[in-house]
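Participant: Supplied structure: final.tsv, TSV, C-alpha atoms and all ligand atoms.
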```tsv
chain	number	residue	atom	x	y	z
A	1	MET	CA	-33.39	-10.98	120.29
A	2	ASP	CA	-34.30	-14.51	119.25
A	3	PRO	CA	-31.87	-16.16	116.89
A	4	VAL	CA	-33.11	-16.29	113.30
A	5	VAL	CA	-34.21	-19.81	112.44
A	6	GLU	CA	-35.18	-20.23	108.86
A	7	LYS	CA	-37.46	-22.95	107.63
A	8	VAL	CA	-37.27	-24.11	104.01
A	9	GLU	CA	-40.31	-25.91	102.54
A	10	THR	CA	-40.99	-27.26	99.06
A	11	ILE	CA	-44.24	-26.04	97.54
A	12	SER	CA	-44.22	-27.54	94.05
A	13	ASP	CA	-43.25	-30.51	91.98
A	14	LYS	CA	-40.16	-30.40	89.84
A	15	LEU	CA	-40.08	-27.81	87.03
A	16	ILE	CA	-37.60	-27.54	84.16
A	17	LEU	CA	-36.81	-23.85	84.56
A	18	GLY	CA	-38.81	-22.18	87.32
A	19	GLU	CA	-38.48	-18.39	87.18
A	20	GLY	CA	-40.21	-15.04	87.58
A	21	PRO	CA	-41.87	-15.32	91.01
A	22	HIS	CA	-44.35	-12.47	91.60
A	23	TRP	CA	-46.51	-12.11	94.71
A	24	ASP	CA	-49.99	-10.76	94.01
A	25	ALA	CA	-51.41	-9.18	97.18
A	26	GLU	CA	-54.92	-8.92	95.81
A	27	THR	CA	-55.36	-12.66	95.28
A	28	GLN	CA	-52.76	-13.65	97.93
A	29	SER	CA	-51.11	-15.87	95.37
A	30	LEU	CA	-47.71	-16.47	93.89
A	31	TYR	CA	-47.38	-16.36	90.12
A	32	PHE	CA	-44.33	-17.89	88.48
A	33	VAL	CA	-43.28	-19.47	85.18
A	34	ASP	CA	-41.67	-22.67	83.96
A	35	ILE	CA	-39.85	-21.17	80.96
A	36	PHE	CA	-39.01	-24.34	79.03
A	37	ASN	CA	-42.44	-25.84	79.73
A	38	ASN	CA	-44.14	-22.75	78.25
A	39	ALA	CA	-46.25	-22.55	81.40
A	40	ILE	CA	-47.44	-19.96	83.87
A	41	HIS	CA	-48.40	-21.07	87.37
A	42	ARG	CA	-50.45	-19.71	90.25
A	43	TYR	CA	-50.03	-21.03	93.79
A	44	VAL	CA	-52.19	-20.02	96.74
A	45	PRO	CA	-50.31	-20.75	99.98
A	46	ALA	CA	-53.39	-20.45	102.23
A	47	THR	CA	-55.23	-23.29	100.45
A	48	LYS	CA	-52.28	-24.94	98.65
A	49	GLU	CA	-54.25	-24.65	95.38
A	50	HIS	CA	-51.96	-24.78	92.36
A	51	TYR	CA	-53.04	-23.97	88.80
A	52	LYS	CA	-51.10	-23.72	85.58
A	53	VAL	CA	-51.74	-22.88	81.95
A	54	LYS	CA	-49.64	-23.71	78.91
A	55	LEU	CA	-48.81	-21.04	76.32
A	56	ASP	CA	-47.35	-21.45	72.82
A	57	SER	CA	-43.70	-20.68	73.51
A	58	ASN	CA	-41.11	-20.04	76.23
A	59	VAL	CA	-42.63	-17.68	78.78
A	60	SER	CA	-40.29	-15.82	81.10
A	61	ILE	CA	-42.43	-13.41	83.13
A	62	VAL	CA	-46.03	-13.05	84.30
A	63	VAL	CA	-47.05	-9.78	85.98
A	64	PRO	CA	-50.63	-8.59	86.62
A	65	VAL	CA	-51.85	-5.52	84.73
A	66	LYS	CA	-52.88	-2.86	87.23
A	67	ASN	CA	-56.64	-2.31	87.58
A	68	HIS	CA	-57.46	-4.92	84.92
A	69	LYS	CA	-58.71	-8.07	86.60
A	70	ASN	CA	-57.37	-11.30	85.09
A	71	LYS	CA	-55.00	-9.50	82.71
A	72	PHE	CA	-51.26	-10.17	82.77
A	73	VAL	CA	-48.26	-9.00	80.85
A	74	VAL	CA	-46.18	-11.98	79.71
A	75	THR	CA	-43.06	-12.35	77.61
A	76	LEU	CA	-43.14	-15.10	75.00
A	77	GLU	CA	-39.77	-15.80	73.39
A	78	ARG	CA	-39.05	-12.23	72.11
A	79	LYS	CA	-42.61	-10.92	72.29
A	80	VAL	CA	-44.37	-8.96	74.99
A	81	ALA	CA	-48.09	-9.70	75.18
A	82	VAL	CA	-51.08	-9.09	77.41
A	83	ILE	CA	-53.14	-12.17	78.15
A	84	THR	CA	-56.42	-12.77	79.94
A	85	TRP	CA	-56.44	-15.67	82.39
A	86	ASP	CA	-58.78	-16.33	85.31
A	87	GLY	CA	-55.97	-17.94	87.30
A	88	LYS	CA	-57.64	-21.35	87.19
A	89	SER	CA	-58.53	-22.41	83.63
A	90	GLN	CA	-56.31	-24.58	81.48
A	91	THR	CA	-56.48	-22.07	78.63
A	92	VAL	CA	-56.07	-18.31	78.37
A	93	SER	CA	-59.12	-16.55	77.00
A	94	ASN	CA	-57.37	-13.79	75.04
A	95	TRP	CA	-53.95	-12.50	74.07
A	96	GLU	CA	-52.73	-9.31	72.46
A	97	GLU	CA	-49.19	-8.78	71.18
A	98	ILE	CA	-47.63	-5.50	72.33
A	99	CYS	CA	-44.15	-5.55	70.78
A	100	GLU	CA	-41.16	-7.68	69.86
A	101	LEU	CA	-37.69	-7.19	71.39
A	102	ASP	CA	-34.52	-8.05	69.44
A	103	LYS	CA	-36.85	-8.27	66.47
A	104	GLY	CA	-35.97	-11.02	64.01
A	105	LEU	CA	-32.90	-12.13	65.97
A	106	VAL	CA	-33.51	-15.87	65.89
A	107	GLY	CA	-32.40	-17.69	69.03
A	108	HIS	CA	-32.62	-14.60	71.21
A	109	ARG	CA	-35.23	-14.59	73.93
A	110	ILE	CA	-36.48	-12.39	76.72
A	111	ASN	CA	-35.32	-13.44	80.18
A	112	ASP	CA	-36.60	-11.96	83.45
A	113	GLY	CA	-38.26	-8.61	84.03
A	114	LYS	CA	-40.02	-6.50	86.61
A	115	CYS	CA	-42.08	-3.32	86.87
A	116	ASP	CA	-40.79	-0.19	88.55
A	117	ILE	CA	-42.94	1.86	90.93
A	118	THR	CA	-44.57	3.75	88.04
A	119	GLY	CA	-45.60	0.48	86.37
A	120	ARG	CA	-43.01	0.57	83.57
A	121	LEU	CA	-41.90	-2.92	82.61
A	122	TRP	CA	-38.12	-3.46	82.58
A	123	THR	CA	-37.02	-6.57	80.76
A	124	GLY	CA	-34.03	-7.76	78.81
A	125	THR	CA	-32.88	-10.39	76.40
A	126	MET	CA	-30.16	-12.98	76.00
A	127	GLY	CA	-28.46	-14.29	72.87
A	128	PRO	CA	-28.68	-17.77	71.39
A	129	GLU	CA	-27.92	-20.81	73.51
A	130	PRO	CA	-26.44	-23.31	71.02
A	131	GLN	CA	-25.95	-25.62	74.00
A	132	LEU	CA	-28.30	-25.32	76.95
A	133	GLY	CA	-26.62	-23.31	79.70
A	134	HIS	CA	-24.05	-21.80	77.33
A	135	CYS	CA	-25.41	-18.51	76.05
A	136	GLU	CA	-23.46	-16.43	73.52
A	137	ASN	CA	-22.20	-13.40	75.44
A	138	ASN	CA	-22.86	-9.68	74.79
A	139	LYS	CA	-25.86	-10.25	72.48
A	140	GLY	CA	-28.69	-9.10	74.74
A	141	THR	CA	-30.29	-5.72	75.44
A	142	LEU	CA	-32.12	-4.17	78.40
A	143	PHE	CA	-35.40	-2.43	77.55
A	144	SER	CA	-38.29	-0.70	79.25
A	145	LEU	CA	-41.88	-0.53	78.06
A	146	ASN	CA	-44.30	2.10	79.30
A	147	ALA	CA	-48.07	2.42	79.47
A	148	THR	CA	-48.33	3.92	75.98
A	149	LYS	CA	-46.37	1.05	74.39
A	150	THR	CA	-43.19	3.11	74.02
A	151	LEU	CA	-40.22	0.77	73.99
A	152	THR	CA	-36.84	2.18	75.10
A	153	SER	CA	-33.47	0.45	74.77
A	154	HIS	CA	-31.18	1.24	77.72
A	155	LEU	CA	-28.13	-1.03	77.51
A	156	GLY	CA	-26.62	-3.29	74.88
A	157	GLY	CA	-23.97	-5.99	75.10
A	158	ILE	CA	-25.84	-7.93	77.78
A	159	GLY	CA	-25.00	-11.59	78.38
A	160	ILE	CA	-28.07	-12.86	80.24
A	161	SER	CA	-30.47	-10.14	81.38
A	162	ASN	CA	-31.65	-11.07	84.85
A	163	GLY	CA	-32.50	-9.65	88.29
A	164	LEU	CA	-33.88	-6.14	88.81
A	165	ALA	CA	-34.66	-4.14	91.95
A	166	TRP	CA	-34.94	-0.50	92.98
A	167	SER	CA	-33.67	1.19	96.14
A	168	LEU	CA	-36.25	2.20	98.73
A	169	ASP	CA	-36.00	5.88	97.66
A	170	ASN	CA	-36.14	4.88	93.96
A	171	LYS	CA	-32.92	6.74	93.23
A	172	LYS	CA	-30.94	3.59	92.34
A	173	MET	CA	-31.69	0.66	90.09
A	174	TYR	CA	-29.92	-2.65	90.71
A	175	TYR	CA	-29.41	-4.98	87.77
A	176	ILE	CA	-27.83	-8.34	87.08
A	177	ASP	CA	-26.24	-9.46	83.86
A	178	SER	CA	-25.46	-13.01	84.99
A	179	LEU	CA	-22.46	-13.38	82.73
A	180	LYS	CA	-20.76	-10.43	84.44
A	181	GLU	CA	-20.90	-12.48	87.66
A	182	SER	CA	-21.77	-9.34	89.59
A	183	VAL	CA	-24.57	-6.99	90.62
A	184	SER	CA	-24.60	-3.50	89.09
A	185	GLN	CA	-26.07	-0.26	90.36
A	186	PHE	CA	-27.32	2.67	88.27
A	187	ASP	CA	-28.61	6.11	89.16
A	188	PHE	CA	-32.32	5.91	88.39
A	189	ASP	CA	-34.55	8.77	87.31
A	190	VAL	CA	-38.03	7.61	88.19
A	191	THR	CA	-39.75	10.40	86.24
A	192	SER	CA	-37.97	9.95	82.92
A	193	GLY	CA	-37.33	6.22	83.37
A	194	THR	CA	-33.63	6.53	82.56
A	195	ILE	CA	-30.51	4.97	84.08
A	196	SER	CA	-26.90	6.22	84.23
A	197	ASN	CA	-23.54	5.83	86.00
A	198	GLU	CA	-23.16	2.04	86.19
A	199	THR	CA	-21.02	0.75	89.06
A	200	THR	CA	-20.36	-2.77	90.30
A	201	ILE	CA	-21.60	-3.18	93.85
A	202	PHE	CA	-21.09	-6.90	94.39
A	203	SER	CA	-18.68	-9.21	92.60
A	204	PHE	CA	-19.19	-12.94	93.17
A	205	LYS	CA	-15.46	-13.50	92.70
A	206	ASN	CA	-14.35	-10.76	95.12
A	207	ALA	CA	-16.79	-11.96	97.76
A	208	GLY	CA	-15.93	-15.63	97.20
A	209	VAL	CA	-19.54	-16.56	96.37
A	210	LYS	CA	-20.20	-19.64	94.26
A	211	GLY	CA	-22.52	-19.67	91.26
A	212	LEU	CA	-23.88	-17.00	88.95
A	213	PRO	CA	-26.16	-14.18	90.11
A	214	ASP	CA	-29.69	-14.64	88.74
A	215	GLY	CA	-32.97	-13.09	89.96
A	216	MET	CA	-33.15	-10.69	92.92
A	217	THR	CA	-35.42	-8.68	95.19
A	218	ILE	CA	-35.04	-6.06	97.93
A	219	ASP	CA	-36.13	-6.09	101.59
A	220	THR	CA	-37.49	-3.21	103.65
A	221	ASN	CA	-34.01	-2.56	105.09
A	222	GLY	CA	-32.72	-1.90	101.59
A	223	ASN	CA	-30.69	-5.12	101.36
A	224	LEU	CA	-30.77	-7.29	98.25
A	225	TRP	CA	-31.59	-11.00	98.08
A	226	VAL	CA	-29.89	-12.68	95.14
A	227	ALA	CA	-30.53	-16.16	93.72
A	228	CYS	CA	-27.29	-18.06	92.98
A	229	PHE	CA	-27.54	-20.26	89.90
A	230	SER	CA	-25.33	-23.36	90.31
A	231	GLY	CA	-24.74	-22.13	93.86
A	232	TYR	CA	-27.26	-24.00	96.09
A	233	GLN	CA	-28.11	-20.74	97.86
A	234	VAL	CA	-29.75	-17.36	98.10
A	235	ILE	CA	-27.56	-14.58	99.46
A	236	GLN	CA	-28.40	-11.31	101.18
A	237	ILE	CA	-26.07	-8.43	100.32
A	238	ASP	CA	-25.82	-4.76	101.29
A	239	PRO	CA	-25.82	-2.69	98.08
A	240	ARG	CA	-24.54	0.39	99.96
A	241	LYS	CA	-21.26	-1.34	100.86
A	242	THR	CA	-19.24	-2.85	98.02
A	243	ASP	CA	-18.82	-6.65	98.08
A	244	THR	CA	-20.64	-7.00	101.41
A	245	LEU	CA	-22.21	-10.40	101.97
A	246	LEU	CA	-24.63	-10.33	104.90
A	247	ARG	CA	-26.09	-13.84	104.86
A	248	SER	CA	-26.32	-17.06	102.89
A	249	VAL	CA	-29.40	-19.29	102.96
A	250	LYS	CA	-28.64	-22.78	101.66
A	251	LEU	CA	-31.07	-24.70	99.47
A	252	PRO	CA	-31.07	-28.34	98.37
A	253	ALA	CA	-31.45	-27.27	94.71
A	254	LYS	CA	-28.36	-26.46	92.67
A	255	GLN	CA	-29.79	-24.08	90.07
A	256	VAL	CA	-31.44	-21.35	92.13
A	257	THR	CA	-33.04	-18.88	89.71
A	258	SER	CA	-35.10	-16.17	91.40
A	259	VAL	CA	-36.67	-14.82	94.59
A	260	ALA	CA	-39.72	-12.78	95.66
A	261	PHE	CA	-41.20	-11.90	99.02
A	262	GLY	CA	-44.82	-12.90	99.57
A	263	GLY	CA	-47.40	-13.92	102.13
A	264	LYS	CA	-49.84	-11.78	104.09
A	265	ASN	CA	-47.01	-9.89	105.79
A	266	LEU	CA	-44.53	-10.13	102.88
A	267	ASP	CA	-42.19	-12.00	105.23
A	268	GLU	CA	-41.99	-15.27	103.28
A	269	LEU	CA	-39.31	-15.63	100.62
A	270	TYR	CA	-40.37	-17.64	97.56
A	271	VAL	CA	-37.54	-19.14	95.58
A	272	THR	CA	-37.65	-20.67	92.10
A	273	THR	CA	-35.15	-23.26	90.87
A	274	ALA	CA	-34.35	-25.20	87.70
A	275	SER	CA	-33.55	-28.82	86.88
A	276	PHE	CA	-32.38	-28.69	83.27
A	277	THR	CA	-29.20	-30.51	82.40
A	278	ILE	CA	-26.00	-28.57	81.66
A	279	ASP	CA	-22.81	-30.30	80.50
A	280	ASP	CA	-24.45	-33.73	80.95
A	281	VAL	CA	-24.90	-33.13	84.68
A	282	VAL	CA	-28.33	-34.64	85.35
A	283	LEU	CA	-30.15	-33.21	88.36
A	284	SER	CA	-32.53	-36.09	88.93
A	285	GLY	CA	-33.79	-35.54	92.50
A	286	PRO	CA	-37.13	-33.80	93.18
A	287	GLU	CA	-35.26	-31.01	95.00
A	288	HIS	CA	-33.92	-29.61	91.72
A	289	GLY	CA	-36.55	-27.53	89.95
A	290	ALA	CA	-38.90	-27.20	92.93
A	291	ILE	CA	-40.31	-23.92	94.23
A	292	TYR	CA	-39.37	-23.19	97.84
A	293	LYS	CA	-40.89	-21.09	100.58
A	294	ILE	CA	-38.50	-19.80	103.25
A	295	THR	CA	-39.96	-18.47	106.50
A	296	GLY	CA	-38.33	-17.22	109.69
A	297	LEU	CA	-35.82	-14.95	107.95
A	298	GLY	CA	-36.78	-11.99	110.12
A	299	VAL	CA	-37.09	-9.66	107.13
A	300	LYS	CA	-39.91	-8.36	104.92
A	301	GLY	CA	-40.23	-7.38	101.30
A	302	LEU	CA	-42.13	-4.63	99.54
A	303	PRO	CA	-45.38	-5.00	97.59
A	304	ALA	CA	-44.68	-5.97	93.97
A	305	ASP	CA	-45.53	-3.40	91.31
A	306	ASP	CA	-48.02	-4.27	88.57
A	307	PHE	CA	-47.76	-3.30	84.91
A	308	VAL	CA	-49.52	-0.06	84.06
A	309	PHE	CA	-51.05	-0.22	80.62
A	310	ASN	CA	-53.55	2.07	78.91
B	1	ZN	ZN	-33.25	-15.52	85.86
```
Represent the structure contained in this file as structure tokens.
Ligand code: ZN

Facilitator:
Amino acid sequence: MDPVVEKVETISDKLILGEGPHWDAETQSLYFVDIFNNAIHRYVPATKEHYKVKLDSNVSIVVPVKNHKNKFVVTLERKVAVITWDGKSQTVSNWEEICELDKGLVGHRINDGKCDITGRLWTGTMGPEPQLGHCENNKGTLFSLNATKTLTSHLGGIGISNGLAWSLDNKKMYYIDSLKESVSQFDFDVTSGTISNETTIFSFKNAGVKGLPDGMTIDTNGNLWVACFSGYQVIQIDPRKTDTLLRSVKLPAKQVTSVAFGGKNLDELYVTTASFTIDDVVLSGPEHGAIYKITGLGVKGLPADDFVFN
């Protein structure tokens, strides 16, 4: 077998808080957000076209609505909305508010989310950040939203709601509350959309990994890829074996925020990063806040699930 030789390329200019990468197979493009710039982006690797549109407030996810061309579910501060965007224009043509999470809780905002295989959107919140990078702990909640606009609260006391992934057989859900500094696993009932029996499957401290766990995705071997905020790396872990680190892929950016597989064969790993200043540490180089494409990892991801909405 040939040794694995990864190649890391930069595919964007510096963002403030790049997040929420989502590969859209239909348009062969990567969608992502710049949360503090209130912007959603679309990048087409084949042509290197790059488009973005500004919204009115912090936007943390952008996921296509299944079977509705140009429609996307987005989260704006605490609101979930469906917008219409052609993927090129500098304005969105329509937006419809669906619901508000942590209603009326000023300073709270939605952070990260993903759809399960049935098209339910799972997303959670975080509490106020009186100082950037220092979020009040235990204030957030994890929710799901289904096609008929039913909102369900699953877990309270969340620090920063972040990465989500499901096992290949859809019997487990993996979830990251960054402030727990670990990755959790739940039993997942795909029919009812419920979770139970939380266990910790990977502790950053136990495994000696630097940084905070942020966004994540799963590969076709059932291993998880986790972005390490303040850690200059993405790690691959085996969720079936506690505290098992399989690989670390180093990046030049400090604040690595999320990951998604993309490309024609879903064998390219797209990585978002952030450049915002925490504790007066200025990350001035262009490497901080860029979006990266990693090839040559020798693994593949699964097609991303769109939001199902009636
Ligand atoms: Zn995140």

Participant: Please extract the residues at most 6 Å from ligand ZN 1 (chain B), counting only C-alpha atoms and all ligand atoms, and provide them as number ranges by chain, using the chain letters and residue numbers of this document.

Facilitator: A: 112, 162, 214-215, 257-258

Participant: From the options A:Gly119, A:Gly107, A:Gly298, A:Gly211, which residue's atoms come nearest to Tyr232 in chain A, counting only C-alpha atoms?

Facilitator: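 Ranked by minimum distance to Tyr232 in chain A, first place goes to A:Gly211.
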
Participant: Counting all atoms listed in the file, figure out which residue out of A:Thr242, A:Thr273, A:Thr84, A:Ser184 gets nearest to Ala207 in chain A.

Facilitator: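 Under the stated criterion, the closest residue is A:Thr242.
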
Participant: Quote the spacing between CA of Thr141 in chain A and CA of Met126 in chain A in Å to one decimal place.

Facilitator: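 Between these atoms lies a distance of 7.3 Å.
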
Participant: What's the separation between CA of Tyr51 in chain A and CA of Ile117 in chain A, in Å to one decimal place?

Facilitator: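 Rounded to one decimal, the two atoms are 27.8 Å apart.
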
Participant: Can you list, as a PyMOL selection string, every protein, DNA or RNA residue that comes within 10 Å of Arg78 in chain A when you count all atoms listed in the file, leaving out same-chain residues fewer than 6 positions away?

Facilitator: chain A and resi 57-60+99-111+124-126
